$ cat entry-v4.cif   # mmCIF, C-alpha atoms and all ligand atoms
data_my_file
loop_
_atom_site.group_PDB
_atom_site.id
_atom_site.type_symbol
_atom_site.label_atom_id
_atom_site.label_comp_id
_atom_site.auth_asym_id
_atom_site.auth_seq_id
_atom_site.Cartn_x
_atom_site.Cartn_y
_atom_site.Cartn_z
ATOM 1 C CA MET A 1 -112.917 59.295 153.994
ATOM 2 C CA GLY A 2 -112.504 55.679 152.878
ATOM 3 C CA ARG A 3 -108.809 55.846 153.140
ATOM 4 C CA GLU A 4 -107.825 54.967 156.627
ATOM 5 C CA ARG A 5 -104.477 56.316 157.505
ATOM 6 C CA ASP A 6 -102.632 54.364 160.120
ATOM 7 C CA SER A 7 -99.332 55.863 161.020
ATOM 8 C CA THR A 8 -97.449 53.470 163.210
ATOM 9 C CA LYS A 9 -94.310 54.724 164.852
ATOM 10 C CA THR A 10 -91.680 52.066 165.254
ATOM 11 C CA GLU A 11 -89.792 51.170 168.355
ATOM 12 C CA GLY A 12 -86.206 50.122 167.813
ATOM 13 C CA GLY A 13 -86.806 49.859 164.099
ATOM 14 C CA PHE A 14 -89.577 47.259 164.428
ATOM 15 C CA ILE A 15 -92.868 47.990 162.796
ATOM 16 C CA LYS A 16 -95.951 47.347 164.927
ATOM 17 C CA GLU A 17 -98.291 44.830 163.368
ATOM 18 C CA PRO A 18 -101.475 46.408 162.078
ATOM 19 C CA ARG A 19 -104.702 45.177 163.734
ATOM 20 C CA VAL A 20 -106.255 43.803 160.559
ATOM 21 C CA ALA A 21 -104.911 42.687 157.216
ATOM 22 C CA ARG A 22 -104.001 45.812 155.294
ATOM 23 C CA THR A 23 -101.964 46.630 152.290
ATOM 24 C CA PRO A 24 -98.901 48.804 152.724
ATOM 25 C CA LEU A 25 -99.182 51.803 150.457
ATOM 26 C CA HIS A 26 -95.911 53.570 150.883
ATOM 27 C CA PHE A 27 -93.142 54.064 153.345
ATOM 28 C CA ARG A 28 -91.688 57.341 154.504
ATOM 29 C CA ARG A 29 -88.358 57.264 156.279
ATOM 30 C CA SER A 30 -87.206 60.114 158.458
ATOM 31 C CA ALA A 31 -84.211 60.408 160.756
ATOM 32 C CA CYS A 32 -85.604 58.379 163.637
ATOM 33 C CA THR A 33 -89.038 57.042 162.710
ATOM 34 C CA VAL A 34 -90.566 54.960 159.993
ATOM 35 C CA GLU A 35 -94.178 55.811 159.293
ATOM 36 C CA ILE A 36 -96.347 53.404 157.404
ATOM 37 C CA TYR A 37 -99.586 54.379 155.696
ATOM 38 C CA TYR A 38 -102.159 51.743 154.866
ATOM 39 C CA TYR A 39 -105.306 51.566 152.803
ATOM 40 C CA THR A 40 -107.969 49.372 154.356
ATOM 41 C CA MET A 41 -108.894 46.167 152.571
ATOM 42 C CA ALA A 42 -112.610 46.416 153.321
ATOM 43 C CA PRO A 43 -114.527 44.706 150.544
ATOM 44 C CA TYR A 44 -116.175 46.942 148.013
ATOM 45 C CA THR A 45 -119.975 47.111 148.168
ATOM 46 C CA LEU A 46 -121.958 47.878 145.049
ATOM 47 C CA THR A 47 -125.606 48.890 145.058
ATOM 48 C CA TYR A 48 -127.204 48.595 141.644
ATOM 49 C CA PHE A 49 -129.990 47.050 139.616
ATOM 50 C CA ALA A 50 -129.767 43.424 138.454
ATOM 51 C CA VAL A 51 -128.301 44.375 135.077
ATOM 52 C CA LYS A 52 -124.794 44.680 133.676
ATOM 53 C CA GLY A 53 -125.520 48.259 132.655
ATOM 54 C CA ARG A 54 -122.956 50.689 133.921
ATOM 55 C CA CYS A 55 -121.190 48.206 136.180
ATOM 56 C CA GLY A 56 -119.835 45.554 133.827
ATOM 57 C CA ALA A 57 -116.435 47.204 133.513
ATOM 58 C CA LEU A 58 -116.172 47.816 137.256
ATOM 59 C CA LYS A 59 -116.973 44.194 138.062
ATOM 60 C CA MET A 60 -114.440 42.932 135.549
ATOM 61 C CA MET A 61 -111.763 45.219 136.901
ATOM 62 C CA LEU A 62 -112.452 44.199 140.515
ATOM 63 C CA ALA A 63 -112.417 40.545 139.485
ATOM 64 C CA ASP A 64 -109.137 41.020 137.629
ATOM 65 C CA TYR A 65 -107.584 42.521 140.757
ATOM 66 C CA GLY A 66 -108.934 39.732 142.930
ATOM 67 C CA GLN A 67 -111.108 42.114 144.935
ATOM 68 C CA GLU A 68 -114.104 40.933 146.911
ATOM 69 C CA LEU A 69 -117.360 42.573 145.887
ATOM 70 C CA LYS A 70 -120.555 42.582 147.916
ATOM 71 C CA GLU A 71 -123.631 43.384 145.908
ATOM 72 C CA ASN A 72 -126.913 44.945 146.998
ATOM 73 C CA LEU A 73 -129.364 44.343 144.205
ATOM 74 C CA VAL A 74 -132.190 46.858 143.940
ATOM 75 C CA THR A 75 -135.359 45.790 142.149
ATOM 76 C CA PHE A 76 -137.168 48.244 139.892
ATOM 77 C CA ASP A 77 -140.179 47.963 142.260
ATOM 78 C CA GLU A 78 -138.064 49.021 145.219
ATOM 79 C CA TRP A 79 -136.571 51.829 143.180
ATOM 80 C CA GLY A 80 -140.037 52.990 142.125
ATOM 81 C CA LYS A 81 -140.957 53.665 145.742
ATOM 82 C CA GLY A 82 -138.509 56.555 145.661
ATOM 83 C CA GLU A 83 -136.810 56.109 149.007
ATOM 84 C CA ILE A 84 -133.564 54.676 147.629
ATOM 85 C CA LYS A 85 -133.499 57.238 144.840
ATOM 86 C CA ALA A 86 -133.864 60.026 147.399
ATOM 87 C CA SER A 87 -130.884 58.620 149.291
ATOM 88 C CA CYS A 88 -128.628 58.777 146.222
ATOM 89 C CA LEU A 89 -126.557 61.927 145.831
ATOM 90 C CA PHE A 90 -127.640 62.506 142.226
ATOM 91 C CA GLY A 91 -130.803 60.396 142.345
ATOM 92 C CA GLN A 92 -129.271 57.499 140.448
ATOM 93 C CA LEU A 93 -127.420 54.218 140.854
ATOM 94 C CA PRO A 94 -124.816 52.686 140.886
ATOM 95 C CA LYS A 95 -123.390 53.428 144.299
ATOM 96 C CA LEU A 96 -120.034 52.066 145.406
ATOM 97 C CA GLN A 97 -118.863 51.917 148.990
ATOM 98 C CA ASP A 98 -115.216 51.435 149.840
ATOM 99 C CA GLY A 99 -114.918 51.619 153.586
ATOM 100 C CA ASP A 100 -116.266 55.027 154.572
ATOM 101 C CA LEU A 101 -116.053 56.363 151.054
ATOM 102 C CA VAL A 102 -119.344 56.470 149.163
ATOM 103 C CA LEU A 103 -119.176 57.087 145.442
ATOM 104 C CA PHE A 104 -121.764 57.711 142.774
ATOM 105 C CA GLN A 105 -120.968 58.010 139.041
ATOM 106 C CA SER A 106 -119.681 54.871 137.382
ATOM 107 C CA ASN A 107 -116.670 56.566 135.792
ATOM 108 C CA ALA A 108 -115.574 57.979 139.150
ATOM 109 C CA MET A 109 -115.745 54.416 140.462
ATOM 110 C CA LEU A 110 -113.563 53.146 137.640
ATOM 111 C CA ARG A 111 -111.061 55.891 138.370
ATOM 112 C CA HIS A 112 -111.091 55.177 142.101
ATOM 113 C CA VAL A 113 -110.499 51.458 141.673
ATOM 114 C CA GLY A 114 -107.992 52.112 138.889
ATOM 115 C CA ARG A 115 -106.071 54.509 141.123
ATOM 116 C CA LYS A 116 -105.966 52.024 143.976
ATOM 117 C CA HIS A 117 -104.976 48.977 141.989
ATOM 118 C CA GLY A 118 -102.451 50.366 139.525
ATOM 119 C CA ALA A 119 -104.754 50.695 136.501
ATOM 120 C CA TYR A 120 -104.352 54.463 136.044
ATOM 121 C CA GLY A 121 -101.025 54.775 134.229
ATOM 122 C CA LYS A 122 -97.507 54.995 135.527
ATOM 123 C CA ASN A 123 -97.280 58.794 135.539
ATOM 124 C CA ASP A 124 -99.444 61.921 135.208
ATOM 125 C CA CYS A 125 -99.193 61.991 131.418
ATOM 126 C CA GLU A 126 -100.389 58.417 131.114
ATOM 127 C CA ALA A 127 -103.180 59.165 133.584
ATOM 128 C CA SER A 128 -104.320 62.100 131.436
ATOM 129 C CA LEU A 129 -104.246 59.971 128.300
ATOM 130 C CA ILE A 130 -106.246 57.276 130.082
ATOM 131 C CA ASP A 131 -108.794 59.937 131.099
ATOM 132 C CA MET A 132 -109.022 61.017 127.464
ATOM 133 C CA MET A 133 -109.598 57.435 126.321
ATOM 134 C CA ASN A 134 -112.209 56.850 128.971
ATOM 135 C CA ASP A 135 -114.057 60.028 128.004
ATOM 136 C CA SER A 136 -114.208 58.753 124.443
ATOM 137 C CA VAL A 137 -115.527 55.398 125.614
ATOM 138 C CA GLU A 138 -118.157 57.301 127.597
ATOM 139 C CA ASP A 139 -119.149 59.279 124.469
ATOM 140 C CA LEU A 140 -119.789 56.045 122.609
ATOM 141 C CA ARG A 141 -121.531 54.468 125.594
ATOM 142 C CA LEU A 142 -123.923 57.420 125.775
ATOM 143 C CA LYS A 143 -124.795 56.934 122.099
ATOM 144 C CA TYR A 144 -125.388 53.244 122.776
ATOM 145 C CA ILE A 145 -127.568 54.013 125.812
ATOM 146 C CA LYS A 146 -129.605 56.532 123.811
ATOM 147 C CA LEU A 147 -130.182 53.907 121.146
ATOM 148 C CA ILE A 148 -131.184 51.244 123.673
ATOM 149 C CA TYR A 149 -133.532 53.395 125.741
ATOM 150 C CA GLN A 150 -134.890 55.891 123.218
ATOM 151 C CA GLU A 151 -134.411 54.883 119.617
ATOM 152 C CA TYR A 152 -134.072 51.122 119.449
ATOM 153 C CA ASP A 153 -136.857 50.471 116.973
ATOM 154 C CA THR A 154 -136.212 53.432 114.729
ATOM 155 C CA GLY A 155 -132.449 53.973 115.071
ATOM 156 C CA LYS A 156 -130.789 50.558 115.274
ATOM 157 C CA GLU A 157 -129.925 50.267 111.612
ATOM 158 C CA ALA A 158 -128.435 53.761 111.389
ATOM 159 C CA PHE A 159 -126.496 53.218 114.636
ATOM 160 C CA ILE A 160 -124.920 50.019 113.339
ATOM 161 C CA LYS A 161 -124.079 51.685 110.040
ATOM 162 C CA ASP A 162 -122.342 54.538 111.807
ATOM 163 C CA LEU A 163 -120.623 52.311 114.385
ATOM 164 C CA ALA A 164 -117.483 51.719 112.302
ATOM 165 C CA ASN A 165 -116.763 55.459 112.383
ATOM 166 C CA HIS A 166 -116.690 55.336 116.182
ATOM 167 C CA LEU A 167 -114.696 52.119 116.429
ATOM 168 C CA LYS A 168 -112.050 53.113 113.919
ATOM 169 C CA PRO A 169 -110.098 55.492 116.191
ATOM 170 C CA PHE A 170 -109.961 52.905 118.988
ATOM 171 C CA ASP A 171 -108.726 50.281 116.528
ATOM 172 C CA ALA A 172 -106.009 52.655 115.301
ATOM 173 C CA ILE A 173 -104.923 53.505 118.852
ATOM 174 C CA LEU A 174 -104.695 49.855 119.874
ATOM 175 C CA ALA A 175 -102.883 48.913 116.674
ATOM 176 C CA LYS A 176 -100.306 51.632 117.282
ATOM 177 C CA ASN A 177 -99.576 50.703 120.890
ATOM 178 C CA LYS A 178 -97.312 47.659 121.047
ATOM 179 C CA SER A 179 -98.837 46.505 124.329
ATOM 180 C CA GLY A 180 -102.265 46.204 122.701
ATOM 181 C CA PHE A 181 -103.761 48.408 125.428
ATOM 182 C CA LEU A 182 -105.035 51.951 125.006
ATOM 183 C CA VAL A 183 -102.227 53.621 126.939
ATOM 184 C CA GLY A 184 -98.813 52.456 128.113
ATOM 185 C CA ASP A 185 -97.867 48.875 128.724
ATOM 186 C CA LYS A 186 -100.517 47.887 131.255
ATOM 187 C CA ILE A 187 -104.250 47.430 131.261
ATOM 188 C CA SER A 188 -106.081 50.484 132.617
ATOM 189 C CA PHE A 189 -109.612 51.213 133.743
ATOM 190 C CA ALA A 190 -110.294 52.728 130.306
ATOM 191 C CA ASP A 191 -109.396 49.378 128.724
ATOM 192 C CA PHE A 192 -111.905 47.607 130.956
ATOM 193 C CA ASN A 193 -114.517 50.193 130.048
ATOM 194 C CA LEU A 194 -113.861 49.817 126.333
ATOM 195 C CA PHE A 195 -113.856 46.024 126.638
ATOM 196 C CA ASP A 196 -117.233 46.008 128.389
ATOM 197 C CA LEU A 197 -118.754 48.317 125.790
ATOM 198 C CA LEU A 198 -117.350 46.238 122.921
ATOM 199 C CA LEU A 199 -118.958 43.111 124.377
ATOM 200 C CA ASN A 200 -122.304 44.939 124.368
ATOM 201 C CA LEU A 201 -121.776 46.207 120.832
ATOM 202 C CA LYS A 202 -120.976 42.699 119.651
ATOM 203 C CA VAL A 203 -124.332 41.561 121.002
ATOM 204 C CA LEU A 204 -126.036 44.388 119.123
ATOM 205 C CA SER A 205 -124.056 43.772 115.942
ATOM 206 C CA PRO A 206 -122.115 40.473 115.986
ATOM 207 C CA THR A 207 -119.968 41.439 112.987
ATOM 208 C CA CYS A 208 -119.102 44.958 114.130
ATOM 209 C CA LEU A 209 -115.448 44.126 114.892
ATOM 210 C CA ASP A 210 -114.805 42.120 111.755
ATOM 211 C CA SER A 211 -112.897 44.873 109.981
ATOM 212 C CA PHE A 212 -110.996 45.920 113.121
ATOM 213 C CA PRO A 213 -108.232 43.390 113.840
ATOM 214 C CA ALA A 214 -106.738 45.319 116.747
ATOM 215 C CA LEU A 215 -110.117 45.601 118.481
ATOM 216 C CA LYS A 216 -110.778 41.931 117.848
ATOM 217 C CA SER A 217 -107.517 40.821 119.374
ATOM 218 C CA PHE A 218 -108.015 43.282 122.273
ATOM 219 C CA VAL A 219 -111.354 41.608 123.041
ATOM 220 C CA GLU A 220 -109.843 38.129 122.740
ATOM 221 C CA LYS A 221 -106.883 39.022 124.922
ATOM 222 C CA THR A 222 -108.986 40.691 127.627
ATOM 223 C CA SER A 223 -111.561 37.883 127.625
ATOM 224 C CA ALA A 224 -108.722 35.418 128.199
ATOM 225 C CA ARG A 225 -107.444 37.086 131.386
ATOM 226 C CA PRO A 226 -108.109 34.261 133.854
ATOM 227 C CA LYS A 227 -110.189 36.188 136.405
ATOM 228 C CA VAL A 228 -112.091 38.107 133.740
ATOM 229 C CA LYS A 229 -112.790 34.817 131.969
ATOM 230 C CA ALA A 230 -114.054 33.295 135.220
ATOM 231 C CA LEU A 231 -116.408 36.235 135.735
ATOM 232 C CA LEU A 232 -117.674 36.097 132.154
ATOM 233 C CA GLU A 233 -118.399 32.392 132.664
ATOM 234 C CA ASN A 234 -120.000 32.860 136.069
ATOM 235 C CA ASP A 235 -123.712 31.974 135.932
ATOM 236 C CA ASP A 236 -124.841 34.876 138.135
ATOM 237 C CA PHE A 237 -122.967 37.353 135.956
ATOM 238 C CA LYS A 238 -124.030 35.697 132.700
ATOM 239 C CA LYS A 239 -127.691 35.819 133.543
ATOM 240 C CA LEU A 240 -127.716 39.564 134.173
ATOM 241 C CA PRO A 241 -129.369 41.343 131.255
ATOM 242 C CA ILE A 242 -127.199 43.987 129.624
ATOM 243 C CA ASN A 243 -129.792 46.716 129.934
ATOM 244 C CA GLY A 244 -132.786 47.474 132.120
ATOM 245 C CA ASN A 245 -135.408 47.431 129.353
ATOM 246 C CA GLY A 246 -134.530 44.013 127.956
ATOM 247 C CA LYS A 247 -133.125 45.449 124.722
ATOM 248 C CA GLN A 248 -129.614 44.665 123.621
HETATM 249 N N1 LIG B 301 -123.673 59.174 134.956
HETATM 250 C C1 LIG B 301 -124.235 58.164 135.811
HETATM 251 C C2 LIG B 301 -125.503 57.650 135.164
HETATM 252 C C3 LIG B 301 -126.236 56.761 136.122
HETATM 253 C C4 LIG B 301 -127.526 56.211 135.541
HETATM 254 O O1 LIG B 301 -127.907 56.529 134.410
HETATM 255 N N2 LIG B 301 -128.196 55.398 136.345
HETATM 256 C C5 LIG B 301 -129.429 54.773 135.928
HETATM 257 C C6 LIG B 301 -129.251 53.261 135.844
HETATM 258 S S1 LIG B 301 -127.908 52.820 134.813
HETATM 259 C C7 LIG B 301 -130.492 55.042 136.988
HETATM 260 O O2 LIG B 301 -130.190 55.155 138.157
HETATM 261 N N3 LIG B 301 -131.746 55.094 136.557
HETATM 262 C C8 LIG B 301 -132.861 55.296 137.425
HETATM 263 C C9 LIG B 301 -133.277 56.723 137.547
HETATM 264 O O3 LIG B 301 -132.651 57.621 136.941
HETATM 265 O O4 LIG B 301 -134.249 56.969 138.273
HETATM 266 C C10 LIG B 301 -123.214 57.045 136.049
HETATM 267 O O5 LIG B 301 -122.337 56.862 135.192
HETATM 268 O O6 LIG B 301 -123.244 56.384 137.093
#
$ encode --input "entry-v4.cif" --output "structure tokens"
Amino acid sequence: MGRERDSTKTEGGFIKEPRVARTPLHFRRSACTVEIYYYTMAPYTLTYFAVKGRCGALKMMLADYGQELKENLVTFDEWGKGEIKASCLFGQLPKLQDGDLVLFQSNAMLRHVGRKHGAYGKNDCEASLIDMMNDSVEDLRLKYIKLIYQEYDTGKEAFIKDLANHLKPFDAILAKNKSGFLVGDKISFADFNLFDLLLNLKVLSPTCLDSFPALKSFVEKTSARPKVKALLENDDFKKLPINGNGKQ
């Protein structure tokens, strides 16, 4: 599924050219053959509503890795008809296609892309720590989503008041790690997820990072990554509302 394995036996030590542009994944050498496994470079296709919503981090990560993204935008009218919803494994969007692989669940998508493009740690321990960080980002995102969709008018003030308690651990983690990322010395999918959420939180409460220098510099540093910056400045991306109900 999704991962096309192409094992090409060599003749006289020469590797046969693959039919289409592919990225070598790894090489396995045995006594008399060299097998090469490739992942396909089919562009990713994302089906989602015309909002940043749960796909901001994914888009930034794909942009950062120079990956082509095709987008199928679904209007709320189309969604209301029920046919697309019925075609979704868990009745919800986003949906990401990578070759034959079809994924639902935005965090699974982040993991998939992170795994493929080196944004999932350099060993199993780092990967587990990155999972832990991402789960904590998800916890805060769920609180934010609940506020936006269920409690905006009554709960905004209390949410903003409590926000520092949720940001503090992330600030401490970033301050402690010399790289300025959540885990290890490289940006991971959890960093992109945190970055996206922080951008949303800054819209909700422009001063929310003021007492968190590590979070502030993390946002500045990530915003300045050339391809992320280009996406953030892209008109099509900029004009997407953050959330589906117009609240932010
Ligand atoms: N856990 C899912 C949540 C997906 C989700 O909440 N999707 C919303 C849009 S962001 C949706 O499809 N809403 C329409 C519906 O539930 O009918 C994920 O992370 O992808």
$ closest_residue --input "entry-v4.cif" --among "A:Gly91, A:Gly82, A:Gly184, A:Gly244" --to "Glu126 in chain A" --atoms "only C-alpha atoms"
A:Gly184
$ axis_aligned_box --input "entry-v4.cif" --around "ligand LIG 301 (chain B)" --padding-each-side "6 Å" --output "lines of an AutoDock Vina configuration file"
center_x = -128.3
center_y = 56.0
center_z = 136.3
size_x = 23.9
size_y = 18.4
size_z = 15.9
$ resolve_selection --input "entry-v4.cif" --expression "the PyMOL selection byres (((chain A and resi 114) around 10) and not hetatm)" --output "ChimeraX atom specification"
/A:58,61-62,65,108-113,115-121,187-190,192
$ residues_around --input "entry-v4.cif" --residues "Leu215 in chain A" --least-positions-apart "5" --cutoff "8 Å" --atoms "all atoms listed in the file" --output "list in words"
Phe170, Asp171, Leu174 and Leu209 of chain A
$ closest_residue --input "entry-v4.cif" --among "A:Lys161, A:Lys227, A:Lys247, A:Lys52" --to "Gly66 in chain A" --atoms "only C-alpha atoms"
A:Lys227
$ resolve_selection --input "entry-v4.cif" --expression "the PyMOL selection byres (((chain A and resi 75) around 12) and not hetatm)" --output "PDB file with C-alpha atoms, keeping the file's coordinate frame"
ATOM      1  CA  THR A  47    -125.606  48.890 145.058  1.00  0.00           C
ATOM      2  CA  TYR A  48    -127.204  48.595 141.644  1.00  0.00           C
ATOM      3  CA  PHE A  49    -129.990  47.050 139.616  1.00  0.00           C
ATOM      4  CA  ALA A  50    -129.767  43.424 138.454  1.00  0.00           C
ATOM      5  CA  VAL A  51    -128.301  44.375 135.077  1.00  0.00           C
ATOM      6  CA  ASN A  72    -126.913  44.945 146.998  1.00  0.00           C
ATOM      7  CA  LEU A  73    -129.364  44.343 144.205  1.00  0.00           C
ATOM      8  CA  VAL A  74    -132.190  46.858 143.940  1.00  0.00           C
ATOM      9  CA  PHE A  76    -137.168  48.244 139.892  1.00  0.00           C
ATOM     10  CA  ASP A  77    -140.179  47.963 142.260  1.00  0.00           C
ATOM     11  CA  GLU A  78    -138.064  49.021 145.219  1.00  0.00           C
ATOM     12  CA  TRP A  79    -136.571  51.829 143.180  1.00  0.00           C
ATOM     13  CA  GLY A  80    -140.037  52.990 142.125  1.00  0.00           C
ATOM     14  CA  LYS A  81    -140.957  53.665 145.742  1.00  0.00           C
ATOM     15  CA  GLY A  82    -138.509  56.555 145.661  1.00  0.00           C
ATOM     16  CA  ILE A  84    -133.564  54.676 147.629  1.00  0.00           C
ATOM     17  CA  LYS A  85    -133.499  57.238 144.840  1.00  0.00           C
ATOM     18  CA  LEU A  93    -127.420  54.218 140.854  1.00  0.00           C
ATOM     19  CA  GLY A 244    -132.786  47.474 132.120  1.00  0.00           C
TER      20      GLY A 244
END
$ resolve_selection --input "entry-v4.cif" --expression "the PyMOL selection byres (((not hetatm)) within 7 of (chain B and resi 301))" --output "NGL selection string"
:A and (53-54 or 85 or 91-94 or 104-107)
$ closest_residue --input "entry-v4.cif" --among "A:Ser128, A:Leu140, A:Asp191, A:Val228" --to "Gln67 in chain A" --atoms "all atoms listed in the file"
A:Val228
$ residues_around --input "entry-v4.cif" --residues "Leu197 in chain A" --least-positions-apart "6" --cutoff "12 Å" --atoms "all atoms listed in the file" --output "list of chain:residue names"
A:Lys52, A:Gly53, A:Arg54, A:Cys55, A:Gly56, A:Ala57, A:Leu58, A:Met60, A:Asn134, A:Ser136, A:Val137, A:Glu138, A:Asp139, A:Leu140, A:Arg141, A:Leu142, A:Lys143, A:Tyr144, A:Ile145, A:Leu167, A:Ala190, A:Asp191, A:Val203, A:Leu204, A:Leu215, A:Val219, A:Ile242, A:Asn243, A:Gln248
